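Novice: Okay, here's the structure, questions in a sec.
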Amino acid sequence: MVRSFTIKVPASSANIGPGFDVLGIGLNLYLELQVTIDPKIDTSSDPENVLLSYEGEGADEVSLKSDENLITRTALYVLRCDDVRTFPKGTKIHVINPIPLGRGLGSSGAAVVAGALLGNSIGQLGYSKQRLLDYCLMIERHPDNITAAMVGGFVGSYLRDLSPEDTQRKEIPLAEVLPEPQGGINTGLNPPVPPKNIGHHIKYGWAKEIKCIAIIPDFEVSTASSRGVLPTTYERHDIIFNLQRIAVLTTALTQSPPDPSLIYPAMQDRIHQPYRKTLIHGLTEILSSFTPELHKGLLGICLSGAGPTILALATENFDQIAKDIIARFAVEDITCSWKLLTPALEGSVVEELA
Ligand SMILES: Nc1ncnc2c1ncn2[C@@H]1O[C@H](COP(=O)(O)OP(=O)(O)OP(=O)(O)O)[C@@H](O)[C@H]1O
Ligand SMILES: N[C@@H](CCO)C(=O)O
């Protein structure tokens with residue numbers, strides 16, 4: 001019997017200024033997997049029975065080996081926790097990815113969520129999105145992109161306190177979750193099943209007038225390197241600065257008409273953006289010089305995720321705002337593209353075709 005289904009997972013922008021590792025918005029740019037399971041397809045060349053093909057962003061850098069690719073590795077992790085060692089024979093997966101990699105638009109979060117949904121569908125495990133979040137959060141330890149990609153919309157999330165044993169497990173990077181060769185197909189060892197309800201989230205409203213302008217520089221900043229420049233301790237006044245703003249921002253972005261005099265200052269941050277300027281030339285100047293007073297329609301501006309993309313929230317004048325930010329980056333010899341995006345309110349979707 002032939003089975004086919006698609007999985008669509010949105011891009012996301014994390015932090016939204018003060019909400020470092022807390023806030024995220026799913027965005028209407030979708031990573032898509034087209035999956036066919038047909039025993040007649042010859043997949044004997046792959047130890048895990050998958051023929052993987054790929055088009056779009058990252059096509060020249062993403063591995064098509066099923067035990068290396070982030071999507072299929074995540075799916076194998078979910079399957080192996082349930083004692084299913086490989087994909088069924090004849091599994092063909094075509095990946096269509098419009099989300100640029102390493103730019104702060106949640107490409108890895110989308111890949112992990114897509115992989116968890118893939119494992120769940122392949123194994124017909126019947127897990128809810130909430131349970132699958134546990135698997136995803138074992139792999140990507142900050143919940144902002146993952147939650148926005150899974151459930152969509154404008155979300156706030158946190159990880160619950162874990163036991164010391166689980167705390168150790170949650171730090172296991174993907175490479176150790178599926179170690180080679182111990183966790184590989186030959187030994188039959190399964191990774192540990194994640195604890196339940198690691199992540200908790202709430203979906204906020206979103207004022208329909210607000211659109212998301214993503215200005216995307218033509219270079220990558222990996223999340224790992226962008227987290228590497230952050231301090232390990234902070235001054236109390238900087239923490240309070242962010243807490244005050246996040247409390248106001250989550251409601252300010254739900255109100256119609258949106259109020260730029262409330263939103264613009266509420267999108268400022270002292271926890272991550274000031275430290276990331278060393279990786280993104282012009283960042284501080286852009287964040288401070290693009291204001292609602294000088295740019296009609298602008299509500300607020302921040303670094304998207306770990307960068308280097310800039311997220312500008314606005315109600316009108318989108319082309320001009322984007323062009324002006326691109327011109328400012330050009331002063332630093334940085335070229336950019338841009339996209340006008342809206343919140344992906346539904347989040348990830350699995351559709352059975354046959
Ligand atoms: N579609 C994909 N298929 C396979 N691997 C992917 C895919 N998308 C992203 N990745 C992996 O994730 C890495 C990028 O992750 P990283 O966390 O550095 O950036 P990001 O997720 O795009 O940005 P941010 O987390 O700041 O939003 C890529 O180098 C690649 O290894
Ligand atoms: N909150 C994360 C998002 C990137 O994955 C960060 O800013 O590092």
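Letters for chains follow the order of the structure tokens (A, B, ...), residue numbers begin at 1 for each chain, and ligand numbers begin at 1 in the order shown.
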Using only C-alpha atoms and all ligand atoms, I'd like a table of the residues in chain A that come within 8 Å of ligand 1; for each, show the closest atom pair and its distance in Å rounded to one decimal, ordered by chain and ascending number, as a Markdown table.

Specialist:
| residue | atom | partner | partner_atom_place_in_ligand_line | distance |
| --- | --- | --- | --- | --- |
| A:Ser12 | CA | ligand 1 | 27 (O) | 6.7 |
| A:Ser13 | CA | ligand 1 | 27 (O) | 6.2 |
| A:Ala14 | CA | ligand 1 | 27 (O) | 6.5 |
| A:Leu31 | CA | ligand 1 | 1 (N) | 6.8 |
| A:Glu57 | CA | ligand 1 | 1 (N) | 7.5 |
| A:Gly58 | CA | ligand 1 | 1 (N) | 6.9 |
| A:Glu61 | CA | ligand 1 | 29 (O) | 7.7 |
| A:Val62 | CA | ligand 1 | 4 (C) | 5.4 |
| A:Ser63 | CA | ligand 1 | 4 (C) | 7.0 |
| A:Asn69 | CA | ligand 1 | 4 (C) | 5.2 |
| A:Leu70 | CA | ligand 1 | 5 (N) | 4.6 |
| A:Ile71 | CA | ligand 1 | 4 (C) | 5.5 |
| A:Val95 | CA | ligand 1 | 1 (N) | 7.2 |
| A:Ile96 | CA | ligand 1 | 1 (N) | 7.8 |
| A:Asn97 | CA | ligand 1 | 1 (N) | 5.6 |
| A:Ile99 | CA | ligand 1 | 8 (N) | 7.3 |
| A:Pro100 | CA | ligand 1 | 22 (O) | 6.4 |
| A:Leu101 | CA | ligand 1 | 22 (O) | 4.1 |
| A:Gly102 | CA | ligand 1 | 19 (O) | 3.4 |
| A:Arg103 | CA | ligand 1 | 22 (O) | 4.8 |
| A:Gly104 | CA | ligand 1 | 26 (O) | 3.3 |
| A:Leu105 | CA | ligand 1 | 27 (O) | 4.0 |
| A:Gly106 | CA | ligand 1 | 27 (O) | 3.2 |
| A:Ser107 | CA | ligand 1 | 22 (O) | 3.9 |
| A:Ser108 | CA | ligand 1 | 21 (O) | 3.7 |
| A:Gly109 | CA | ligand 1 | 21 (O) | 5.6 |
| A:Ala110 | CA | ligand 1 | 8 (N) | 6.9 |
| A:Ala111 | CA | ligand 1 | 2 (C) | 5.0 |
| A:Asn145 | CA | ligand 1 | 27 (O) | 6.6 |
| A:Glu220 | CA | ligand 1 | 18 (O) | 7.9 |
| A:Val221 | CA | ligand 1 | 18 (O) | 6.5 |
| A:Ser222 | CA | ligand 1 | 18 (O) | 3.5 |
| A:Thr223 | CA | ligand 1 | 18 (O) | 4.0 |
| A:Ala224 | CA | ligand 1 | 18 (O) | 6.3 |
| A:Ser304 | CA | ligand 1 | 26 (O) | 6.9 |
| A:Gly305 | CA | ligand 1 | 26 (O) | 4.1 |
| A:Ala306 | CA | ligand 1 | 26 (O) | 3.7 |
| A:Gly307 | CA | ligand 1 | 26 (O) | 5.5 |
| A:Pro308 | CA | ligand 1 | 26 (O) | 7.9 |

Novice: Taking the DSSP secondary structure from the backbone, can you list the residues of region 107-352 of chain A that are strand (DSSP E), as a CSV table (one decimal) with C-alpha atoms, in the first residue's frame?

Specialist:
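Saved the output as out-v4.csv:
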chain,number,residue,atom,x,y,z
A,154,PHE,CA,2.6,35.0,18.8
A,155,VAL,CA,3.7,32.8,21.7
A,156,GLY,CA,5.4,33.0,25.1
A,157,SER,CA,7.0,29.9,26.5
A,158,TYR,CA,9.1,28.5,29.3
A,159,LEU,CA,10.8,25.3,30.3
A,199,GLY,CA,7.6,23.2,27.8
A,200,HIS,CA,4.7,25.4,28.7
A,201,HIS,CA,3.3,28.1,26.4
A,202,ILE,CA,0.6,30.6,25.9
A,203,LYS,CA,-0.6,32.1,22.6
A,204,TYR,CA,-1.2,35.8,22.7
A,211,LYS,CA,3.0,43.1,9.6
A,212,CYS,CA,6.5,41.7,10.0
A,213,ILE,CA,9.2,43.1,7.7
A,214,ALA,CA,12.3,40.8,7.7
A,215,ILE,CA,15.5,42.4,6.4
A,216,ILE,CA,17.8,39.5,5.8
A,217,PRO,CA,21.6,40.2,5.4
A,298,LEU,CA,7.0,51.7,12.0
A,299,LEU,CA,6.0,50.3,15.4
A,300,GLY,CA,9.2,48.7,16.6
A,301,ILE,CA,12.4,47.1,15.6
A,302,CYS,CA,14.7,44.3,16.9
A,303,LEU,CA,17.1,41.6,16.0
A,310,ILE,CA,16.3,42.6,11.5
A,311,LEU,CA,12.6,42.4,12.3
A,312,ALA,CA,10.6,45.6,11.9
A,313,LEU,CA,6.9,45.6,12.9
A,314,ALA,CA,4.9,48.1,10.9
A,336,CYS,CA,20.3,42.2,2.1
A,337,SER,CA,17.1,40.9,0.8
A,338,TRP,CA,13.7,41.4,2.5
A,339,LYS,CA,10.4,39.8,2.9
A,340,LEU,CA,7.0,41.1,4.1
A,341,LEU,CA,5.6,38.4,6.4
A,349,VAL,CA,0.2,21.1,9.7
A,350,VAL,CA,0.3,17.5,8.7
A,351,GLU,CA,-1.9,16.5,5.7
A,352,GLU,CA,-2.5,12.9,4.7

Novice: Applying 12 Å and only C-alpha atoms, which residues near Ala354 (chain A) remain after dropping the ones on its own chain fewer than 5 positions away? List them as a list in words.

Specialist: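 Counting only C-alpha atoms, the residues come to Met1, Val2, Arg3, Ser4, Phe5, Thr6, Gln34, Val35, Thr36, Ile37 and Asp38 of chain A.
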
Novice: Write out as a PyMOL selection string which residues come within 10 Å of region 289-292 of chain A when counting only C-alpha atoms, dropping same-chain ones fewer than 2 positions away.

Specialist: chain A and resi 260-261+263-265+284-287+294-301+312+314+321+324-325+328

Novice: According to DSSP computed on the backbone, where in region 121-337 of chain A is there helix (DSSP H, G or I)? Give the residues as a PyMOL selection string.

Specialist: chain A and resi 121-122+129-139+143-151+164-170+174-177+223-228+236-252+260-266+273-276+283-289+318-331

Novice: Choose the residue, out of A:Asn49, A:Ser66, A:Thr251, A:Thr147, that has the smallest atom-to-atom separation from Ala266 (chain A); count only C-alpha atoms.

Specialist: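 So, comparing all the options, the nearest one is A:Thr251.
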